[in-house]
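Peer 1: Let me begin by handing over the structure; questions about it come next.
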Amino acid sequence: MAFLPELILLAGALALFIISLGDGRVRLARNAALGIGLAALAACLLALGQEALLFDGVYQVDAFSQWLKLALAVGYLAVLWLSGDLPDIRPDAKPEYYLLMNVNVTGLILLVSCVELITLVVIIELASFPLYLMVPLRRERPDQRSQMEAAIKYMMFGIAANGIMLFGLSYLFGLTGTTSLALLRTGLSPVVETPLATVGLAMLWSGLTFKLAVFPFHFWTPDVYQGGSNETAGLIASLPKLGAVAVLVRLVTLAAPEHAALVALLTGLAVASMFYGNLVALVQKDFKRLLGFSGIAHAGYTLVGFVAMDVPGFAAALYYMVGYVFMVLACFLVISRVSRDGANVALEDLAGLHRRSPLLAGTLLVGVFGLAGLPPFAGFMGKFVLLKAVLARGHLALAILTVINSALAIYYYLAVIRQAFFRSAEDRPSIRLDAATQVACGLLIAVIVLLGIAPNGALTALASAVSGIDLGAVGAAAGL
């Protein structure tokens with residue numbers, strides 16, 4: 001029962017693989033993917049209270065992992081919903097596209113329960129390689145083949161980040177003689193302040209900060225967002241980042257809260273990511289590229305919670321990333337419906353959206369204002385709890401810089417709203433939405449608003465889950 005969501009997704013991957021062997025099975029593959037997503041969501045709900053240690057203690061099912069699996073399952077369904085009939089994916093590759101999406105989500109679901117470094121590396125590769133393959137599956141246009149360049153950059157940077165991560169892992173293994181997170185925490189305690197341990201931890205986290213698009217591992221982000229299809233960019237912008245934050249929480253707990261060097265490193269990465277992402281986003285004209293640089297800034301906001309290095313900070317970071325997932329999916333839903341035949345959307349293509357499709361305009365307003373951190377949406381409350389966590393630890397300068405960056409970001413988010421609500425539609429046609437899109441818009445708006453006005457339930461559950469992470473039990477179960 002504890003492994004039920006993973007079993008359903010693994011069986012679903014096998015079913016989608018069989019479906020992809022035939023020709024003309026696009027609709028069957030889509031219906032199967034939706035069925036698998038619904039079954040996985042139901043399984044996550046049923047397994048929510050389960051706890052178990054599996055596979056000789058390298059895989060831990062606890063409240064922390066189960067809540068995140070539920071969020072990932074909801075996000076998977078949202079991505080499937082906004083993808084529609086994949087207008088910008090090559091027709092012959094659509095069944096394989098659904099298979100790769102399922103394998104990616106399977107990897108992310110497995111990732112949040114990993115408590116052993118070798119297993120962690122293998123699962124990161126399982127979640128990463130489908131994304132590398134999904135980017136170049138975009139349909140080629142006479143004047144556009146940027147998906148190939150984006151795919152090569154994504155893969156090369158990903159391989160480099162994984163190499164750095166493995167090199168850091170070798171340092172930690174040399175210091176402690178183990179790859180178990182339980183024994184790593186015990187073994188690192190007497191040497192965690194040494195330069196070798198600091199470098200090892202920093203290099204290990206580099207692979208995960210690549211997934212989160214933290215500076216300086218951010219270079220792939222805008223090109224991949226712009227080069228990939230709207231559906232692929234929406235997936236890359238959301239679910240993998242939640243998985244990366246979940247694993248970072250488990251890894252940062254390896255260091256003592258008073259580890260000054262790591263606090264300084266995380267602070268520097270957070271500030272650099274916020275300023276770089278926000279300043280470069282100011283001059284962007286392509287909406288997906290703007291969201292790419294915005295995503296770098298939001299990765300910096302998320303790291304602000306890690307600087308606190310305590311339970312409230314980790315819970316705030318997770319809460320912020322959960323809200324970010326739904327806010328950015330709302331924006332990509334609008335992009336996928338405004339786009340003509342799957343083409344990229346420039347900011348000027350949003351002109352007059354409030355007349356062409358009031359519901360899409362409202363969804364865009366909620367998503368963009370949430371990303372800007374305006375009340376009463378999830379982004380505002382997320383930044384509030386992040387600032388509260390770091391101020392409680394005495395990081396006043398970081399809090400001030402975070403507020404300054406939030407003010408900078410408002411400018412380019414308002415530029416999006418100006419196009420949608422204060423520009424004439426001219427000769428741009430009205431946009432008709434099907435029932436599924438209307439339901440998706442309503443649900444995304446409801447989730448973003450609900451997380452903003454009633455955050456206590458989510459924050460309490462996340463804080464309880466983080467405080468319940470028990471690596472000692474893992475070691476005992478594994479006989480370590």
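Just so we're on the same page: first chain in the structure tokens is A, next is B, and so on; residues restart at 1 for each chain, and ligands are numbered from 1 in the order they show up.
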Residues near A:Cys114, anyone? I mean within 9 Å using only C-alpha atoms, not counting same-chain ones fewer than 3 positions away, as a PDB file with N, CA and C atoms, in the first residue's frame.

Peer 2:
```pdb
ATOM      1  N   VAL A  58      16.748   2.083   1.768  1.00  0.00           N
ATOM      2  CA  VAL A  58      17.160   3.171   0.876  1.00  0.00           C
ATOM      3  C   VAL A  58      15.976   3.973   0.372  1.00  0.00           C
ATOM      4  N   TYR A  59      14.759   3.541   0.705  1.00  0.00           N
ATOM      5  CA  TYR A  59      13.548   4.202   0.206  1.00  0.00           C
ATOM      6  C   TYR A  59      12.588   4.384   1.368  1.00  0.00           C
ATOM      7  N   GLN A  60      12.340   5.635   1.744  1.00  0.00           N
ATOM      8  CA  GLN A  60      11.544   5.939   2.931  1.00  0.00           C
ATOM      9  C   GLN A  60      10.209   6.553   2.537  1.00  0.00           C
ATOM     10  N   VAL A  61       9.142   5.897   2.954  1.00  0.00           N
ATOM     11  CA  VAL A  61       7.794   6.425   2.780  1.00  0.00           C
ATOM     12  C   VAL A  61       7.360   7.026   4.110  1.00  0.00           C
ATOM     13  N   LEU A 110       9.422   8.876  -7.267  1.00  0.00           N
ATOM     14  CA  LEU A 110      10.418   8.060  -6.571  1.00  0.00           C
ATOM     15  C   LEU A 110      11.448   8.931  -5.859  1.00  0.00           C
ATOM     16  N   LEU A 111      11.763  10.070  -6.460  1.00  0.00           N
ATOM     17  CA  LEU A 111      12.844  10.917  -5.954  1.00  0.00           C
ATOM     18  C   LEU A 111      12.598  11.403  -4.529  1.00  0.00           C
ATOM     19  N   LEU A 117      22.340   7.919  -1.443  1.00  0.00           N
ATOM     20  CA  LEU A 117      22.863   8.766  -2.513  1.00  0.00           C
ATOM     21  C   LEU A 117      22.968   8.058  -3.856  1.00  0.00           C
ATOM     22  N   THR A 119      21.115   5.569  -4.966  1.00  0.00           N
ATOM     23  CA  THR A 119      19.733   5.486  -5.449  1.00  0.00           C
ATOM     24  C   THR A 119      19.253   6.845  -5.931  1.00  0.00           C
ATOM     25  N   LEU A 120      19.618   7.883  -5.202  1.00  0.00           N
ATOM     26  CA  LEU A 120      19.223   9.236  -5.560  1.00  0.00           C
ATOM     27  C   LEU A 120      19.752   9.614  -6.944  1.00  0.00           C
ATOM     28  N   ILE A 123      17.815   7.737  -9.701  1.00  0.00           N
ATOM     29  CA  ILE A 123      16.465   8.252  -9.889  1.00  0.00           C
ATOM     30  C   ILE A 123      16.499   9.629 -10.543  1.00  0.00           C
ATOM     31  N   VAL A 247      14.256  17.110  -2.348  1.00  0.00           N
ATOM     32  CA  VAL A 247      15.522  16.434  -2.072  1.00  0.00           C
ATOM     33  C   VAL A 247      16.492  17.376  -1.369  1.00  0.00           C
TER      34      VAL A 247
END
```

Peer 1: Compile the contact shell of A:Ala297 as a ChimeraX atom specification: residues with an atom at most 8 Å away, counting only C-alpha atoms, same-chain residues fewer than 3 positions apart removed.

Peer 2: /A:273-278,293-294,300-301

Peer 1: Could I get the residues of stretch 201-313 of chain A with an atom no further than 8 Å from an atom of stretch 330-344 of chain A, each paired with its nearest atom pair and that distance in Å to one decimal, using only C-alpha atoms, sorted by chain and residue number, as a tab-separated table?

Peer 2:
```
residue	atom	partner	partner_atom	distance
A:Gln226	CA	A:Asn344	CA	7.2
A:Ser229	CA	A:Gly342	CA	7.0
A:Asn230	CA	A:Ser336	CA	5.9
A:Glu231	CA	A:Ser336	CA	7.2
A:Gly234	CA	A:Phe332	CA	5.6
A:Asp286	CA	A:Asn344	CA	7.4
A:Phe287	CA	A:Asn344	CA	7.9
A:Lys288	CA	A:Asn344	CA	7.4
```

Peer 1: Neighbours of A:Ser467 within 12 Å (only C-alpha atoms; same-chain residues fewer than 2 positions away dropped), as a ChimeraX atom specification?

Peer 2: /A:62-64,249-250,253,310-315,460-465,469-471

Peer 1: Kindly export the residues of the current selection with N, CA and C atoms, as a PDB file, in the first residue's frame.

Peer 2:
```pdb
ATOM      1  N   ASP A  62       7.136   8.338   4.121  1.00  0.00           N
ATOM      2  CA  ASP A  62       6.726   9.030   5.346  1.00  0.00           C
ATOM      3  C   ASP A  62       5.792  10.169   4.964  1.00  0.00           C
ATOM      4  N   ALA A  63       5.367  10.939   5.951  1.00  0.00           N
ATOM      5  CA  ALA A  63       4.436  12.040   5.672  1.00  0.00           C
ATOM      6  C   ALA A  63       5.058  13.054   4.722  1.00  0.00           C
ATOM      7  N   PHE A  64       6.356  13.292   4.855  1.00  0.00           N
ATOM      8  CA  PHE A  64       7.047  14.248   3.981  1.00  0.00           C
ATOM      9  C   PHE A  64       6.920  13.835   2.518  1.00  0.00           C
ATOM     10  N   VAL A 249      15.773  19.561   0.787  1.00  0.00           N
ATOM     11  CA  VAL A 249      15.412  19.572   2.207  1.00  0.00           C
ATOM     12  C   VAL A 249      16.081  18.411   2.932  1.00  0.00           C
ATOM     13  N   ARG A 250      16.039  17.227   2.329  1.00  0.00           N
ATOM     14  CA  ARG A 250      16.676  16.075   2.975  1.00  0.00           C
ATOM     15  C   ARG A 250      18.186  16.262   3.076  1.00  0.00           C
ATOM     16  N   THR A 253      19.486  19.046   5.697  1.00  0.00           N
ATOM     17  CA  THR A 253      19.433  18.603   7.092  1.00  0.00           C
ATOM     18  C   THR A 253      20.707  17.878   7.516  1.00  0.00           C
ATOM     19  N   ASP A 310      16.149  25.654   9.265  1.00  0.00           N
ATOM     20  CA  ASP A 310      15.340  25.088  10.333  1.00  0.00           C
ATOM     21  C   ASP A 310      14.004  24.659   9.741  1.00  0.00           C
ATOM     22  N   VAL A 311      13.168  24.052  10.561  1.00  0.00           N
ATOM     23  CA  VAL A 311      11.902  23.506  10.074  1.00  0.00           C
ATOM     24  C   VAL A 311      10.996  24.579   9.468  1.00  0.00           C
ATOM     25  N   PRO A 312      10.797  25.754  10.133  1.00  0.00           N
ATOM     26  CA  PRO A 312       9.952  26.780   9.501  1.00  0.00           C
ATOM     27  C   PRO A 312      10.483  27.235   8.139  1.00  0.00           C
ATOM     28  N   GLY A 313      11.809  27.327   8.001  1.00  0.00           N
ATOM     29  CA  GLY A 313      12.379  27.740   6.728  1.00  0.00           C
ATOM     30  C   GLY A 313      12.158  26.707   5.636  1.00  0.00           C
ATOM     31  N   PHE A 314      12.378  25.429   5.953  1.00  0.00           N
ATOM     32  CA  PHE A 314      12.174  24.377   4.967  1.00  0.00           C
ATOM     33  C   PHE A 314      10.694  24.287   4.570  1.00  0.00           C
ATOM     34  N   ALA A 315       9.803  24.378   5.558  1.00  0.00           N
ATOM     35  CA  ALA A 315       8.366  24.332   5.261  1.00  0.00           C
ATOM     36  C   ALA A 315       7.947  25.513   4.389  1.00  0.00           C
ATOM     37  N   THR A 460       1.011  23.913   8.069  1.00  0.00           N
ATOM     38  CA  THR A 460       1.070  22.998   9.211  1.00  0.00           C
ATOM     39  C   THR A 460       1.438  21.591   8.772  1.00  0.00           C
ATOM     40  N   ALA A 461       0.816  21.131   7.676  1.00  0.00           N
ATOM     41  CA  ALA A 461       1.116  19.788   7.177  1.00  0.00           C
ATOM     42  C   ALA A 461       2.568  19.678   6.727  1.00  0.00           C
ATOM     43  N   LEU A 462       3.062  20.695   6.027  1.00  0.00           N
ATOM     44  CA  LEU A 462       4.446  20.658   5.552  1.00  0.00           C
ATOM     45  C   LEU A 462       5.442  20.742   6.708  1.00  0.00           C
ATOM     46  N   ALA A 463       5.162  21.606   7.692  1.00  0.00           N
ATOM     47  CA  ALA A 463       6.057  21.722   8.840  1.00  0.00           C
ATOM     48  C   ALA A 463       6.096  20.416   9.629  1.00  0.00           C
ATOM     49  N   SER A 464       4.939  19.803   9.804  1.00  0.00           N
ATOM     50  CA  SER A 464       4.884  18.520  10.512  1.00  0.00           C
ATOM     51  C   SER A 464       5.635  17.444   9.744  1.00  0.00           C
ATOM     52  N   ALA A 465       5.485  17.452   8.416  1.00  0.00           N
ATOM     53  CA  ALA A 465       6.165  16.447   7.601  1.00  0.00           C
ATOM     54  C   ALA A 465       7.677  16.631   7.653  1.00  0.00           C
ATOM     55  N   ILE A 469      10.902  14.027   9.486  1.00  0.00           N
ATOM     56  CA  ILE A 469      11.957  13.301   8.758  1.00  0.00           C
ATOM     57  C   ILE A 469      12.891  12.647   9.768  1.00  0.00           C
ATOM     58  N   ASP A 470      12.968  11.345   9.739  1.00  0.00           N
ATOM     59  CA  ASP A 470      13.735  10.602  10.745  1.00  0.00           C
ATOM     60  C   ASP A 470      14.769   9.734  10.043  1.00  0.00           C
ATOM     61  N   LEU A 471      15.937  10.301   9.815  1.00  0.00           N
ATOM     62  CA  LEU A 471      16.994   9.548   9.155  1.00  0.00           C
ATOM     63  C   LEU A 471      17.561   8.478  10.077  1.00  0.00           C
TER      64      LEU A 471
END
```

Peer 1: Neighbouring residues of A:Leu365 were defined as those with any atom within 9 Å, considering only C-alpha atoms; residues of the same chain fewer than 3 positions away were excluded. Please report them as a short mmCIF file (atom, residue, chain, number, x, y, z; two decimals) with N, CA and C atoms, in the first residue's frame.

Peer 2:
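What landed in part.cif:
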```cif
data_model
loop_
_atom_site.label_atom_id
_atom_site.label_comp_id
_atom_site.auth_asym_id
_atom_site.auth_seq_id
_atom_site.Cartn_x
_atom_site.Cartn_y
_atom_site.Cartn_z
N CYS A 331 -0.05 30.22 -16.01
CA CYS A 331 0.51 31.02 -17.11
C CYS A 331 0.71 30.18 -18.36
N LEU A 360 -9.55 33.31 -19.79
CA LEU A 360 -8.10 33.21 -19.90
C LEU A 360 -7.42 34.44 -19.31
N ALA A 361 -8.00 35.61 -19.55
CA ALA A 361 -7.43 36.84 -19.00
C ALA A 361 -7.46 36.80 -17.47
N GLY A 362 -8.55 36.30 -16.90
CA GLY A 362 -8.63 36.18 -15.45
C GLY A 362 -7.61 35.18 -14.90
N VAL A 368 -0.14 35.69 -12.81
CA VAL A 368 0.92 36.71 -12.85
C VAL A 368 0.97 37.50 -11.55
N PHE A 369 -0.18 37.89 -11.03
CA PHE A 369 -0.18 38.60 -9.75
C PHE A 369 0.34 37.71 -8.62
N GLY A 370 0.06 36.40 -8.71
CA GLY A 370 0.61 35.48 -7.72
C GLY A 370 2.12 35.42 -7.81
N VAL A 416 2.97 42.41 -18.63
CA VAL A 416 2.11 41.35 -19.14
C VAL A 416 0.64 41.74 -18.98
N ILE A 417 0.28 42.24 -17.81
CA ILE A 417 -1.11 42.64 -17.55
C ILE A 417 -1.50 43.81 -18.45
N ALA A 420 -2.54 42.43 -21.76
CA ALA A 420 -3.78 41.65 -21.74
C ALA A 420 -5.01 42.49 -21.48
#
```

Peer 1: At a cut-off of 8 Å, can you tabulate as a Markdown table every residue of stretch 269-298 of chain A near stretch 213-220 of chain A together with its closest atom pair and the distance in Å to one decimal, using only C-alpha atoms and ordering rows by chain then number?

Peer 2:
```
| residue | atom | partner | partner_atom | distance |
| --- | --- | --- | --- | --- |
| A:Leu269 | CA | A:Phe215 | CA | 6.2 |
| A:Ala270 | CA | A:Val214 | CA | 7.7 |
| A:Ala272 | CA | A:Phe215 | CA | 6.3 |
| A:Ser273 | CA | A:Phe215 | CA | 4.9 |
| A:Tyr276 | CA | A:Phe215 | CA | 7.9 |
| A:Gly295 | CA | A:Ala213 | CA | 7.2 |
| A:Ile296 | CA | A:Ala213 | CA | 5.5 |
```

Peer 1: Just the residues within 12 Å of A:Gly37, please, counting only C-alpha atoms, with nothing from its chain fewer than 6 positions along; format it as a PyMOL selection string.

Peer 2: chain A and resi 5-6+8-13+30-31+43-44+69-70+72-81+98+101-103+105-106

Peer 1: Export C-alpha atoms of the chosen residues as an mmCIF file, in the first residue's frame?

Peer 2:
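Once written, selection27.cif looks like this:
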```cif
data_model
loop_
_atom_site.group_PDB
_atom_site.id
_atom_site.type_symbol
_atom_site.label_atom_id
_atom_site.label_comp_id
_atom_site.auth_asym_id
_atom_site.auth_seq_id
_atom_site.Cartn_x
_atom_site.Cartn_y
_atom_site.Cartn_z
ATOM 1 C CA PRO A 5 1.418 5.271 -6.362
ATOM 2 C CA GLU A 6 4.792 4.151 -7.680
ATOM 3 C CA ILE A 8 0.584 2.427 -10.694
ATOM 4 C CA LEU A 9 2.938 4.812 -12.494
ATOM 5 C CA LEU A 10 5.398 2.018 -13.314
ATOM 6 C CA ALA A 11 2.589 -0.168 -14.664
ATOM 7 C CA GLY A 12 1.311 2.859 -16.573
ATOM 8 C CA ALA A 13 4.728 3.387 -18.157
ATOM 9 C CA ARG A 30 -3.692 10.378 -24.214
ATOM 10 C CA ASN A 31 -6.680 8.631 -22.621
ATOM 11 C CA ALA A 43 -3.406 6.073 -4.915
ATOM 12 C CA CYS A 44 -1.602 9.065 -3.375
ATOM 13 C CA LYS A 69 3.698 12.846 -4.050
ATOM 14 C CA LEU A 70 0.147 14.142 -3.792
ATOM 15 C CA LEU A 72 3.187 15.955 -7.909
ATOM 16 C CA ALA A 73 0.199 13.821 -8.905
ATOM 17 C CA VAL A 74 -2.062 16.889 -9.012
ATOM 18 C CA GLY A 75 0.570 18.713 -11.053
ATOM 19 C CA TYR A 76 0.855 15.772 -13.471
ATOM 20 C CA LEU A 77 -2.873 15.882 -14.144
ATOM 21 C CA ALA A 78 -2.704 19.660 -14.626
ATOM 22 C CA VAL A 79 0.106 19.315 -17.188
ATOM 23 C CA LEU A 80 -1.840 16.625 -19.056
ATOM 24 C CA TRP A 81 -4.897 18.855 -18.982
ATOM 25 C CA TYR A 98 3.063 10.690 -23.235
ATOM 26 C CA MET A 101 6.057 12.394 -19.528
ATOM 27 C CA ASN A 102 4.891 9.434 -17.462
ATOM 28 C CA VAL A 103 8.454 8.202 -16.901
ATOM 29 C CA VAL A 105 6.749 11.930 -13.234
ATOM 30 C CA THR A 106 7.505 8.382 -12.066
#
```

Peer 1: So which one's closest to A:Val304, A:Ala399, A:Val325, A:Leu279, A:Leu364? Using only C-alpha atoms, please.

Peer 2: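 Comparing A:Ala399, A:Val325, A:Leu279, A:Leu364 against A:Val304, the winner is A:Ala399.
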
Peer 1: Please report the interatomic distance between atom CA of A:Asp427 and atom CA of A:Leu347 in Å with one decimal.

Peer 2: 15.7 Å

Peer 1: Go through stretch 208-323 of chain A and flag each residue having an atom no more than 12 Å from stretch 164-174 of chain A; for those, report the closest pair of atoms plus their distance in Å to one decimal, using only C-alpha atoms, ordered by chain and rising number, as CSV.

Peer 2:
```
residue,atom,partner,partner_atom,distance
A:Leu208,CA,A:Met165,CA,8.2
A:Thr209,CA,A:Met165,CA,10.1
A:Phe210,CA,A:Met165,CA,10.1
A:Lys211,CA,A:Met165,CA,12.0
A:Phe217,CA,A:Ile164,CA,11.3
A:Leu251,CA,A:Leu169,CA,11.6
A:Leu254,CA,A:Leu172,CA,11.1
```

Peer 1: Quick one: of A:Pro240, A:Gly207, A:Gly200, A:Gly35, who's nearest to A:Pro130, counting only C-alpha atoms?

Peer 2: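 The closest residue to A:Pro130 is A:Pro240.
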
Peer 1: So that I can check the surroundings of A:Asp92, please list as a list of chain:residue names every protein, DNA and RNA residue that reaches within 10 Å of it, counting only C-alpha atoms and ignoring chain neighbours fewer than 6 positions away.

Peer 2: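 That gives A:Ser20, A:Asp23, A:Gly24, A:Arg25, A:Val26, A:Leu137.
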
Peer 1: For A:Phe380, find every residue with an atom within 7 Å (counting only C-alpha atoms), except residues of its own chain fewer than 5 positions away, and show them as a ChimeraX atom specification.

Peer 2: /A:370,373-375,452

Peer 1: Between A:Gly158, A:Gly228, A:Gly49, A:Pro429, which is the closest to A:Val135 once you count only C-alpha atoms?

Peer 2: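 Closest to A:Val135, using only C-alpha atoms: A:Gly228.
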
Peer 1: When you draw a straight line from atom CA of A:Phe17 to atom CA of A:Glu140, how long is it in Å?

Peer 2: 24.3 Å

Peer 1: Name the closest residue to A:Leu433 among the candidates A:Ile410, A:Leu359, A:Ile448, A:Leu175; distances are taken between atoms, counting only C-alpha atoms.

Peer 2: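 Of A:Ile410, A:Leu359, A:Ile448, A:Leu175, the one nearest A:Leu433 is A:Leu359, counting only C-alpha atoms.
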
Peer 1: With distances taken over only C-alpha atoms, which of A:Val466, A:Leu188, A:Ile431, A:Leu86 is nearest to A:Ala317?

Peer 2: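 Comparing A:Val466, A:Leu188, A:Ile431, A:Leu86 against A:Ala317, the winner is A:Val466.
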